[in-house]
$ cat protein-v3.txt   # compact mmCIF, C-alpha atoms and all ligand atoms
# COMPACT_ATOMS: atom_id res chain seq x y z
CA MET A 273 91.62 84.97 62.43
CA PRO A 274 93.20 81.51 62.24
CA ASN A 275 96.59 82.72 60.93
CA ALA A 276 97.01 85.76 63.15
CA ASP A 277 100.48 85.92 64.64
CA GLN A 278 99.98 85.63 68.38
CA ASN A 279 103.36 87.27 69.08
CA ASP A 280 102.24 90.38 67.15
CA ILE A 281 98.97 90.46 69.06
CA LEU A 282 100.73 90.16 72.42
CA PHE A 283 103.34 92.75 71.45
CA ASP A 284 100.59 95.27 70.64
CA ARG A 285 98.89 94.54 73.95
CA ALA A 286 102.18 94.74 75.84
CA ARG A 287 103.17 98.06 74.29
CA ALA A 288 99.94 99.60 75.53
CA VAL A 289 100.80 98.90 79.16
CA ILE A 290 104.57 98.28 79.44
CA PRO A 291 107.15 100.75 78.06
CA GLY A 292 108.33 99.26 74.76
CA GLY A 293 106.29 96.15 75.55
CA VAL A 294 109.11 94.59 77.58
CA ASN A 295 110.48 94.60 81.10
CA SER A 296 114.13 94.65 80.01
CA PRO A 297 115.14 96.55 76.86
CA VAL A 298 117.11 93.93 74.90
CA ARG A 299 114.03 91.68 74.79
CA ALA A 300 112.28 94.18 72.49
CA PHE A 301 114.28 93.06 69.40
CA LYS A 302 115.06 96.73 68.72
CA ALA A 303 118.59 95.94 67.55
CA VAL A 304 117.52 93.18 65.16
CA GLY A 305 114.02 94.34 64.19
CA GLY A 306 110.85 92.27 64.10
CA THR A 307 108.46 91.11 66.79
CA PRO A 308 109.77 89.69 70.06
CA ARG A 309 108.70 86.14 70.70
CA PHE A 310 106.40 85.87 73.70
CA ILE A 311 107.29 82.67 75.49
CA ARG A 312 104.58 80.38 76.78
CA ARG A 313 106.52 77.51 78.22
CA ALA A 314 109.94 75.90 78.30
CA GLU A 315 111.33 72.43 78.77
CA GLY A 316 114.89 71.14 78.58
CA ALA A 317 116.75 72.95 75.79
CA TYR A 318 113.61 74.40 74.23
CA PHE A 319 110.97 77.03 74.62
CA TRP A 320 107.75 77.64 72.73
CA ASP A 321 106.37 81.00 71.67
CA ALA A 322 102.79 82.24 71.57
CA ASN A 323 102.29 80.54 68.16
CA ASP A 324 103.45 77.29 69.74
CA LYS A 325 106.61 77.38 67.62
CA ARG A 326 109.53 75.59 69.26
CA TYR A 327 113.02 77.11 69.52
CA ILE A 328 116.33 75.66 70.62
CA ASP A 329 117.14 78.12 73.39
CA TYR A 330 120.67 79.55 73.44
CA ILE A 331 119.96 82.36 75.89
CA GLY A 332 118.77 80.24 78.82
CA SER A 333 117.24 83.29 80.50
CA TRP A 334 120.54 85.09 79.78
CA GLY A 335 122.58 82.52 81.64
CA PRO A 336 120.82 80.98 84.65
CA MET A 337 119.31 77.90 83.00
CA ILE A 338 122.51 75.87 82.95
CA LEU A 339 120.61 72.62 83.58
CA GLY A 340 118.02 73.44 80.93
CA HIS A 341 114.42 74.29 81.72
CA GLY A 342 112.46 72.34 84.32
CA HIS A 343 115.19 70.06 85.65
CA PRO A 344 113.28 67.53 87.81
CA ALA A 345 115.46 67.95 90.94
CA VAL A 346 115.11 71.73 90.79
CA VAL A 347 111.37 71.63 90.16
CA GLU A 348 110.94 69.29 93.12
CA ALA A 349 112.96 71.56 95.43
CA VAL A 350 111.00 74.63 94.36
CA GLN A 351 107.63 72.92 94.71
CA LYS A 352 108.52 71.80 98.22
CA ALA A 353 109.73 75.28 99.17
CA VAL A 354 106.64 76.99 97.81
CA LEU A 355 104.43 74.88 100.05
CA GLU A 356 106.42 76.06 103.05
CA GLY A 357 105.85 79.75 102.31
CA PHE A 358 106.93 82.32 99.72
CA SER A 359 108.81 84.82 101.84
CA TYR A 360 109.31 85.46 105.55
CA GLY A 361 111.54 88.50 105.87
CA ALA A 362 113.40 86.57 108.57
CA PRO A 363 116.47 84.32 108.38
CA THR A 364 116.28 80.67 107.31
CA GLU A 365 118.56 77.64 107.47
CA ARG A 366 118.45 77.38 103.68
CA GLU A 367 120.25 80.72 103.33
CA ILE A 368 123.10 79.34 105.43
CA GLU A 369 123.19 76.19 103.30
CA LEU A 370 123.38 78.22 100.10
CA ALA A 371 126.04 80.54 101.54
CA GLU A 372 128.07 77.49 102.62
CA ALA A 373 127.69 75.90 99.19
CA ILE A 374 128.85 79.08 97.42
CA LEU A 375 131.83 79.58 99.72
CA ALA A 376 132.90 75.96 99.30
CA LEU A 377 133.13 76.50 95.55
CA VAL A 378 134.59 80.02 95.41
CA PRO A 379 137.68 80.02 97.64
CA SER A 380 138.27 83.78 97.32
CA MET A 381 135.05 84.35 99.31
CA GLU A 382 134.99 83.90 103.08
CA MET A 383 131.59 85.50 103.54
CA VAL A 384 128.71 86.19 101.21
CA ARG A 385 125.57 88.30 101.27
CA LEU A 386 122.54 87.22 99.25
CA VAL A 387 120.49 89.76 97.30
CA SER A 388 117.91 89.56 94.50
CA SER A 389 119.54 90.76 91.26
CA GLY A 390 122.93 91.19 89.65
CA THR A 391 122.44 94.94 89.53
CA GLU A 392 121.82 94.99 93.27
CA ALA A 393 124.85 92.81 93.96
CA ALA A 394 127.22 94.93 91.82
CA MET A 395 125.89 98.18 93.26
CA SER A 396 126.31 96.86 96.80
CA ALA A 397 129.84 95.56 96.10
CA LEU A 398 130.75 98.99 94.83
CA ARG A 399 129.44 100.69 97.95
CA LEU A 400 131.27 98.17 100.09
CA ALA A 401 134.53 98.76 98.20
CA ARG A 402 134.19 102.50 98.71
CA GLY A 403 133.23 102.07 102.35
CA ALA A 404 136.06 99.65 103.09
CA THR A 405 138.77 101.73 101.39
CA GLY A 406 137.43 105.19 102.21
CA ARG A 407 138.04 106.12 98.55
CA LYS A 408 135.72 107.47 95.86
CA HIS A 409 137.06 106.54 92.43
CA ILE A 410 136.28 103.36 90.57
CA ILE A 411 137.58 101.84 87.35
CA LYS A 412 135.41 99.98 84.89
CA PHE A 413 135.97 98.91 81.29
CA GLU A 414 134.16 99.84 78.12
CA GLY A 415 131.87 96.96 77.13
CA CYS A 416 131.68 95.45 80.62
CA TYR A 417 128.19 95.72 82.06
CA HIS A 418 127.64 95.64 85.81
CA GLY A 419 123.93 96.33 85.99
CA HIS A 420 122.18 99.65 85.90
CA ALA A 421 123.29 101.43 89.07
CA ASP A 422 123.80 105.13 88.33
CA ALA A 423 127.59 105.21 88.83
CA LEU A 424 128.01 102.34 86.36
CA LEU A 425 125.97 103.74 83.46
CA VAL A 426 128.90 105.60 82.09
CA LYS A 427 131.09 105.94 79.03
CA ALA A 428 134.67 107.10 78.77
CA GLY A 429 135.54 110.77 79.11
CA SER A 430 137.91 112.45 76.69
CA GLY A 431 141.11 111.35 78.40
CA LEU A 432 142.46 109.71 81.51
CA ALA A 433 142.23 112.94 83.45
CA THR A 434 138.50 113.26 82.74
CA PHE A 435 136.16 110.79 84.31
CA GLY A 436 133.10 109.23 82.65
CA HIS A 437 129.92 110.68 81.18
CA PRO A 438 126.48 109.21 81.92
CA THR A 439 125.06 106.91 79.22
CA SER A 440 121.50 107.23 80.49
CA ALA A 441 119.22 110.20 80.97
CA GLY A 442 118.45 110.65 84.64
CA VAL A 443 122.02 110.09 85.80
CA PRO A 444 123.55 113.39 86.95
CA PRO A 445 127.18 113.88 85.83
CA GLU A 446 128.09 114.32 89.51
CA VAL A 447 127.26 110.65 90.04
CA THR A 448 129.59 109.37 87.32
CA GLN A 449 132.39 111.84 88.00
CA HIS A 450 134.26 109.24 90.02
CA THR A 451 134.01 106.46 87.43
CA LEU A 452 136.99 106.03 85.14
CA VAL A 453 136.19 104.04 82.00
CA LEU A 454 139.12 102.30 80.33
CA GLU A 455 139.61 100.11 77.28
CA TYR A 456 139.45 96.37 77.96
CA ASN A 457 142.75 94.54 77.51
CA ASN A 458 144.74 97.79 77.22
CA ILE A 459 147.57 97.35 79.74
CA ALA A 460 149.34 100.62 78.93
CA GLN A 461 146.19 102.64 79.58
CA LEU A 462 145.50 100.76 82.80
CA GLU A 463 149.01 101.48 84.08
CA GLU A 464 148.66 105.13 83.20
CA ALA A 465 145.32 105.35 85.04
CA PHE A 466 146.82 103.86 88.20
CA ALA A 467 149.86 106.13 87.90
CA LEU A 468 147.55 109.14 87.78
CA HIS A 469 144.80 108.16 90.22
CA GLY A 470 146.03 105.00 92.00
CA ASN A 471 145.79 106.28 95.55
CA ASP A 472 142.18 107.40 95.11
CA ILE A 473 140.84 104.23 93.49
CA ALA A 474 138.46 102.23 95.66
CA CYS A 475 138.07 99.37 93.22
CA LEU A 476 138.46 98.09 89.74
CA MET A 477 135.40 96.18 88.57
CA ILE A 478 135.70 93.80 85.66
CA GLU A 479 134.00 90.94 83.85
CA ALA A 480 137.16 88.85 83.47
CA ILE A 481 135.42 86.96 80.70
CA ALA A 482 133.09 89.61 79.37
CA GLY A 483 129.61 88.54 78.33
CA ASN A 484 128.08 91.90 77.59
CA MET A 485 130.22 92.72 74.56
CA ASN A 486 129.46 89.28 73.16
CA PHE A 487 132.19 86.99 74.56
CA VAL A 488 135.60 88.59 75.07
CA ARG A 489 138.28 87.26 77.38
CA ALA A 490 140.64 89.38 79.41
CA THR A 491 144.08 88.21 78.33
CA PRO A 492 145.94 86.46 81.18
CA GLU A 493 148.50 89.32 81.18
CA PHE A 494 145.78 91.96 81.44
CA ALA A 495 143.94 90.13 84.23
CA LYS A 496 147.20 89.73 86.15
CA ARG A 497 148.05 93.40 85.68
CA CYS A 498 144.62 94.33 87.09
CA ARG A 499 145.36 92.16 90.15
CA ASP A 500 148.89 93.49 90.65
CA LEU A 501 148.01 97.16 90.23
CA CYS A 502 145.09 96.88 92.66
CA THR A 503 147.32 95.21 95.24
CA GLN A 504 150.07 97.76 94.74
CA HIS A 505 147.72 100.73 95.17
CA GLY A 506 145.44 99.36 97.89
CA ALA A 507 142.43 99.21 95.58
CA LEU A 508 140.01 96.27 95.62
CA LEU A 509 139.76 93.99 92.60
CA VAL A 510 136.08 93.16 92.01
CA PHE A 511 135.21 90.33 89.64
CA ASP A 512 131.72 90.65 88.27
CA GLU A 513 130.86 86.99 87.78
CA VAL A 514 127.12 87.43 87.38
CA MET A 515 127.41 85.76 83.98
CA THR A 516 130.55 83.68 84.41
CA GLY A 517 130.00 82.40 87.96
CA PHE A 518 129.25 78.64 87.83
CA ARG A 519 128.82 79.09 84.07
CA VAL A 520 132.36 79.00 82.62
CA GLY A 521 133.40 76.44 85.23
CA LEU A 522 132.71 75.41 88.81
CA HIS A 523 135.02 78.14 90.11
CA GLY A 524 134.03 80.89 87.69
CA ALA A 525 136.29 83.12 85.60
CA GLN A 526 138.61 83.45 88.61
CA GLY A 527 139.15 79.70 88.49
CA VAL A 528 139.77 79.77 84.74
CA LEU A 529 142.28 82.63 84.99
CA GLY A 530 143.83 81.63 88.30
CA ILE A 531 143.33 85.13 89.73
CA THR A 532 142.01 85.81 93.24
CA PRO A 533 139.79 88.90 93.34
CA ASP A 534 138.99 90.75 96.56
CA LEU A 535 135.25 90.85 95.95
CA THR A 536 133.10 88.66 93.72
CA VAL A 537 129.67 89.49 92.37
CA LEU A 538 127.43 86.53 91.50
CA GLY A 539 123.97 86.09 90.00
CA LYS A 540 122.14 84.11 87.34
CA VAL A 541 123.21 80.43 87.87
CA ILE A 542 123.21 80.71 91.68
CA GLY A 543 119.46 81.34 91.49
CA GLY A 544 118.81 78.61 88.93
CA GLY A 545 116.30 80.91 87.20
CA MET A 546 114.83 82.58 90.28
CA PRO A 547 115.75 86.15 91.36
CA LEU A 548 118.88 85.62 93.43
CA ALA A 549 122.34 87.17 93.36
CA ALA A 550 125.19 87.63 95.82
CA PHE A 551 128.43 89.40 96.57
CA GLY A 552 131.22 88.28 98.81
CA GLY A 553 134.87 88.32 99.73
CA PRO A 554 137.24 88.23 102.69
CA ARG A 555 135.73 88.33 106.17
CA ALA A 556 137.45 91.61 107.11
CA ILE A 557 135.85 93.40 104.17
CA MET A 558 132.42 91.73 104.40
CA GLU A 559 132.19 92.58 108.10
CA GLN A 560 132.08 96.24 107.07
CA LEU A 561 128.46 95.60 106.06
CA ALA A 562 125.48 96.43 108.27
CA PRO A 563 124.55 95.20 110.85
CA LEU A 564 128.23 94.69 111.78
CA GLY A 565 129.78 97.63 110.01
CA PRO A 566 129.02 101.10 108.65
CA VAL A 567 128.17 100.14 105.02
CA TYR A 568 124.39 99.91 104.68
CA GLN A 569 122.71 97.31 102.51
CA ALA A 570 119.35 95.52 102.90
CA GLY A 571 116.49 93.84 101.03
CA THR A 572 112.98 92.51 101.74
CA LEU A 573 113.37 89.53 99.39
CA SER A 574 117.09 88.90 100.02
CA GLY A 575 117.71 85.21 100.64
CA ASN A 576 114.14 84.40 99.59
CA PRO A 577 113.26 80.82 100.63
CA VAL A 578 111.97 79.73 97.21
CA ALA A 579 114.86 81.31 95.31
CA THR A 580 117.43 79.77 97.65
CA ALA A 581 115.81 76.34 97.22
CA CYS A 582 116.08 76.74 93.45
CA GLY A 583 119.70 77.91 93.67
CA LEU A 584 120.75 75.17 96.06
CA ALA A 585 119.20 72.42 93.94
CA THR A 586 120.96 73.87 90.87
CA LEU A 587 124.35 74.05 92.62
CA LYS A 588 123.99 70.43 93.75
CA GLU A 589 123.55 69.29 90.14
CA ILE A 590 126.39 71.31 88.65
CA ALA A 591 128.83 70.21 91.36
CA LYS A 592 128.46 66.58 90.28
CA PRO A 593 131.64 65.08 88.81
CA GLY A 594 131.99 65.50 85.06
CA PHE A 595 129.28 68.16 84.73
CA TYR A 596 131.51 70.89 83.28
CA GLU A 597 133.54 68.50 81.16
CA ALA A 598 130.35 67.39 79.40
CA LEU A 599 128.99 70.94 79.13
CA SER A 600 132.28 72.29 77.78
CA LYS A 601 132.50 69.51 75.21
CA LYS A 602 129.01 70.28 74.00
CA THR A 603 129.68 74.00 73.74
CA GLN A 604 133.00 73.40 72.00
CA SER A 605 131.31 71.16 69.45
CA LEU A 606 128.81 73.95 68.70
CA VAL A 607 131.60 76.49 68.28
CA ALA A 608 133.73 74.17 66.14
CA GLY A 609 130.74 73.24 63.98
CA LEU A 610 129.78 76.88 63.40
CA LYS A 611 133.37 77.73 62.48
CA ALA A 612 133.54 74.84 60.02
CA ALA A 613 130.19 75.79 58.46
CA ALA A 614 131.33 79.40 58.04
CA ALA A 615 134.66 78.32 56.55
CA ALA A 616 132.88 75.99 54.10
CA GLU A 617 130.71 78.88 52.88
CA GLY A 618 133.46 81.50 52.86
CA GLN A 619 131.93 83.52 55.69
CA ALA A 620 134.24 85.62 57.84
CA PHE A 621 133.70 84.13 61.29
CA ASN A 622 135.32 83.33 64.59
CA ALA A 623 134.03 81.97 67.87
CA ASP A 624 135.13 81.12 71.38
CA SER A 625 133.71 79.40 74.44
CA GLU A 626 134.41 78.49 78.05
CA GLY A 627 132.26 75.99 79.92
CA GLY A 628 128.67 76.61 78.86
CA MET A 629 129.17 80.16 77.60
CA PHE A 630 130.10 81.10 74.03
CA GLY A 631 130.31 83.94 71.56
CA PHE A 632 130.70 84.22 67.82
CA PHE A 633 131.76 87.06 65.59
CA LEU A 634 131.27 87.77 61.90
CA MET A 635 134.96 88.59 61.56
CA ASN A 636 138.12 86.52 61.29
CA GLU A 637 139.85 87.62 64.48
CA LEU A 638 138.52 87.27 68.02
CA PRO A 639 137.99 90.85 69.25
CA GLN A 640 139.91 92.07 72.29
CA ASN A 641 137.71 95.02 73.16
CA TYR A 642 134.32 96.66 72.74
CA ALA A 643 135.27 98.95 69.85
CA THR A 644 136.25 95.96 67.74
CA VAL A 645 133.10 94.02 68.63
CA MET A 646 131.06 97.01 67.50
CA THR A 647 132.63 97.00 64.02
CA THR A 648 130.44 93.93 63.31
CA ASP A 649 128.26 94.38 60.24
CA ASN A 650 124.80 94.88 61.78
CA ALA A 651 122.87 93.87 58.70
CA GLN A 652 124.81 90.61 58.45
CA PHE A 653 124.23 89.81 62.12
CA ASN A 654 120.52 90.60 61.82
CA ALA A 655 120.19 88.32 58.77
CA LEU A 656 121.85 85.53 60.74
CA PHE A 657 119.67 86.17 63.78
CA HIS A 658 116.41 86.10 61.81
CA GLY A 659 117.54 83.18 59.66
CA LEU A 660 118.18 81.16 62.80
CA LEU A 661 114.94 82.29 64.41
CA ASP A 662 112.95 81.21 61.33
CA ARG A 663 114.65 77.83 61.57
CA GLY A 664 113.75 77.44 65.25
CA VAL A 665 117.06 78.51 66.80
CA TYR A 666 116.91 81.37 69.33
CA ILE A 667 120.13 83.30 69.97
CA ALA A 668 120.41 86.65 71.76
CA PRO A 669 118.70 89.43 69.79
CA ALA A 670 121.78 91.68 69.86
CA LEU A 671 125.30 91.19 68.59
CA TYR A 672 126.88 92.29 71.88
CA GLU A 673 125.44 89.44 73.96
CA ALA A 674 127.02 86.07 74.77
CA GLY A 675 125.27 82.73 74.20
CA PHE A 676 124.60 79.88 76.61
CA VAL A 677 124.44 76.12 76.20
CA SER A 678 122.76 73.97 78.85
CA ALA A 679 123.21 70.41 79.98
CA ALA A 680 119.89 69.66 78.28
CA HIS A 681 121.10 70.50 74.75
CA SER A 682 121.51 67.30 72.75
CA ASP A 683 124.03 66.51 70.02
CA ASP A 684 121.10 66.67 67.64
CA ASP A 685 120.21 70.23 68.81
CA ILE A 686 123.80 71.27 68.16
CA ALA A 687 123.81 69.61 64.71
CA VAL A 688 120.49 71.28 63.76
CA THR A 689 121.90 74.66 64.84
CA ILE A 690 125.08 74.25 62.81
CA GLU A 691 123.16 73.18 59.72
CA ALA A 692 120.80 76.16 60.08
CA ALA A 693 123.78 78.53 60.28
CA ARG A 694 125.41 76.86 57.27
CA GLN A 695 122.28 77.41 55.18
CA ILE A 696 122.22 81.09 56.14
CA PHE A 697 125.93 81.57 55.38
CA LYS A 698 125.38 79.91 52.01
CA ALA A 699 122.38 82.09 51.17
CA SER A 700 124.21 85.26 52.16
CA LYS A 701 127.05 84.30 49.75
CA ARG A 702 124.59 84.32 46.86
CA ARG A 703 123.32 87.81 47.64
N1 LIG B 801 121.07 91.91 81.32
C1 LIG B 801 120.76 91.06 80.20
C2 LIG B 801 121.60 91.39 79.03
N2 LIG B 801 122.98 91.18 79.25
C3 LIG B 801 119.32 91.17 79.79
C4 LIG B 801 118.44 90.48 80.74
C5 LIG B 801 117.04 90.26 80.23
O1 LIG B 801 116.56 90.98 79.38
O2 LIG B 801 116.42 89.32 80.69
$ encode --input "protein-v3.txt" --output "structure tokens" --more "lines below"
Ligand code: HOZ
Amino acid sequence: MPNADQNDILFDRARAVIPGGVNSPVRAFKAVGGTPRFIRRAEGAYFWDANDKRYIDYIGSWGPMILGHGHPAVVEAVQKAVLEGFSYGAPTEREIELAEAILALVPSMEMVRLVSSGTEAAMSALRLARGATGRKHIIKFEGCYHGHADALLVKAGSGLATFGHPTSAGVPPEVTQHTLVLEYNNIAQLEEAFALHGNDIACLMIEAIAGNMNFVRATPEFAKRCRDLCTQHGALLVFDEVMTGFRVGLHGAQGVLGITPDLTVLGKVIGGGMPLAAFGGPRAIMEQLAPLGPVYQAGTLSGNPVATACGLATLKEIAKPGFYEALSKKTQSLVAGLKAAAAAEGQAFNADSEGGMFGFFLMNELPQNYATVMTTDNAQFNALFHGLLDRGVYIAPALYEAGFVSAAHSDDDIAVTIEAARQIFKASKRR
């Protein structure tokens, strides 16, 4: 069978042994249809699927690959670490080095704990916030994703007096009854929520530049109101910077917005592509964690020596002078080129970016919240997704995901991407 599609063959095999054929749902292409591409290898700004077709990669493992795939300094650090052992379950000097490097770059954090995934970090930050304040309630925003801990898989109730409803089977309503889900960028609603529940709120958790409803910024006024209301009511402000940390800039979304959160949740870039995440904040709060304090948290692979080597090598590269200026310029040129191509073909379109993270929308205005993002015409997005994929450009297979540019993307990659999008916009005009 010389022309058999190897992705189809692998997908059939995968579905027999892995639910849906994937180990994380969005990879299944359910939203866009078609067969997921099974990746064989990656290098720089590209990866190759099972048919050996090359794609310009704009997901970068959903954020971590800020240097591109296989950066020589990172590969060298990982190879060296692997030879010294995969995991010890005992402390290492490298964990201290990584903690010191993170704290030096994120001034709101005085102490940090390393864990293995963003979900774990967000879940632990939440427990810490509740433990440190002695309160139960938490605020989150519709469209912000903080991993799949039970209390965070929740949608809004019918009003501010009713708390959230689970969005997943297997989550008892009792577990989400303390989670209040509010509309992103809605200051009036936020004020009302604090007026009603302020003294019972342990924390407000937010992606201050949201990357799980495509790319939506908190307005500076909204972000400031979050900070002020938390301070006023003794609640902790938790910035989930799993996506934005070291991605939108060297000091994360908090640096971009000039807001100091109480706790910060990190992941993705700090592991450079290996399973590593973290949460941190002021010493007095972090010392509530076991073994010092009463809030329990632990992990066999936390601070793993290979993952920390990968993260450290990545942080060293991105902290070099001019790194974010160059990355931002590249991302901005992609966004500007896509906008110009859409305008030339009469396609409703808008786009935004910060550092190496971007989003685009098949509508003229930049959305301010999840409900607006979800008014996107699905069929139009899917046509764009598959048109790009056919032309060797891989963007996230869902309209509610952000995109990522790496230092390895060349001007030519950006130009090829813009031209591919222009062709698709033009073809869709004819339909
Ligand atoms: N949590 C990611 C979407 N925002 C998906 C991660 C993955 O499938 O690798």
$ residues_near_ligand --input "protein-v3.txt" --ligand "ligand LIG 801 (chain B)" --cutoff "8 Å" --atoms "all atoms listed in the file" --output "list in words"
Asn295, Ser296, Pro297, Val298, Arg299, Ser333, Trp334, Tyr417, Gly419, Gly483, Asn484, Glu673 and Ala674 of chain A
$ write_last_selection --input "protein-v3.txt" --atoms "C-alpha atoms" --output "short mmCIF file (atom, residue, chain, number, x, y, z; two decimals), in the coordinates of the input"
data_model
loop_
_atom_site.label_atom_id
_atom_site.label_comp_id
_atom_site.auth_asym_id
_atom_site.auth_seq_id
_atom_site.Cartn_x
_atom_site.Cartn_y
_atom_site.Cartn_z
CA ASN A 295 110.48 94.60 81.10
CA SER A 296 114.13 94.65 80.01
CA PRO A 297 115.14 96.55 76.86
CA VAL A 298 117.11 93.93 74.90
CA ARG A 299 114.03 91.68 74.79
CA SER A 333 117.24 83.29 80.50
CA TRP A 334 120.54 85.09 79.78
CA TYR A 417 128.19 95.72 82.06
CA GLY A 419 123.93 96.33 85.99
CA GLY A 483 129.61 88.54 78.33
CA ASN A 484 128.08 91.90 77.59
CA GLU A 673 125.44 89.44 73.96
CA ALA A 674 127.02 86.07 74.77
#
$ closest_residue --input "protein-v3.txt" --among "A:Ile338, A:Ala651, A:Leu522, A:Ile281" --to "A:Ile374" --atoms "all atoms listed in the file"
A:Leu522
$ closest_atom_pairs --input "protein-v3.txt" --of "stretch 561-620 of chain A" --to "stretch 348-356 of chain A" --cutoff "10 Å" --atoms "only C-alpha atoms" --output "Markdown table"
| residue | atom | partner | partner_atom | distance |
| --- | --- | --- | --- | --- |
| A:Pro577 | CA | A:Ala353 | CA | 6.7 |
| A:Val578 | CA | A:Ala353 | CA | 5.4 |
| A:Ala579 | CA | A:Val350 | CA | 7.8 |
| A:Thr580 | CA | A:Val350 | CA | 8.9 |
| A:Ala581 | CA | A:Ala349 | CA | 5.8 |
| A:Cys582 | CA | A:Val350 | CA | 5.6 |
| A:Gly583 | CA | A:Val350 | CA | 9.3 |
| A:Leu584 | CA | A:Ala349 | CA | 8.6 |
| A:Ala585 | CA | A:Ala349 | CA | 6.5 |
| A:Thr586 | CA | A:Ala349 | CA | 9.5 |
$ write_last_selection --input "protein-v3.txt" --atoms "C-alpha atoms" --output "PDB file, keeping the file's coordinate frame"
ATOM      1  CA  PRO A 577     113.260  80.820 100.630  1.00  0.00           C
ATOM      2  CA  VAL A 578     111.970  79.730  97.210  1.00  0.00           C
ATOM      3  CA  ALA A 579     114.860  81.310  95.310  1.00  0.00           C
ATOM      4  CA  THR A 580     117.430  79.770  97.650  1.00  0.00           C
ATOM      5  CA  ALA A 581     115.810  76.340  97.220  1.00  0.00           C
ATOM      6  CA  CYS A 582     116.080  76.740  93.450  1.00  0.00           C
ATOM      7  CA  GLY A 583     119.700  77.910  93.670  1.00  0.00           C
ATOM      8  CA  LEU A 584     120.750  75.170  96.060  1.00  0.00           C
ATOM      9  CA  ALA A 585     119.200  72.420  93.940  1.00  0.00           C
ATOM     10  CA  THR A 586     120.960  73.870  90.870  1.00  0.00           C
TER      11      THR A 586
END
$ closest_residue --input "protein-v3.txt" --among "A:Pro308, A:Gly543, A:Gly618, A:Gly659" --to "A:Val294" --atoms "all atoms listed in the file"
A:Pro308
$ atom_distance --input "protein-v3.txt" --atom1 "atom CA of A:Asn636" --atom2 "atom CA of A:Gln619"
8.9 Å
$ closest_residue --input "protein-v3.txt" --among "A:Lys588, A:Leu564, A:Asn275, A:Gly539" --to "A:Glu369" --atoms "all atoms listed in the file"
A:Lys588
$ residues_around --input "protein-v3.txt" --residues "A:Leu282" --least-positions-apart "3" --cutoff "10 Å" --atoms "all atoms listed in the file" --output "ChimeraX atom specification"
/A:277-279,285-288,293,307-310,322
$ residues_around --input "protein-v3.txt" --residues "A:Tyr596" --least-positions-apart "5" --cutoff "12 Å" --atoms "only C-alpha atoms" --output "PyMOL selection string"
chain A and resi 338-339+518-524+589-591+601-604+626-629+677-679
$ residues_around --input "protein-v3.txt" --residues "stretch 545-557 of chain A" --least-positions-apart "5" --cutoff "8 Å" --atoms "all atoms listed in the file" --output "VMD selection string"
chain A and resid 333 336 to 337 380 to 390 392 to 394 396 to 397 400 404 514 534 to 540 574 to 576 579 to 580 582 to 583
$ atom_distance --input "protein-v3.txt" --atom1 "atom CA of A:Met477" --atom2 "atom CA of A:Leu509"
6.3 Å
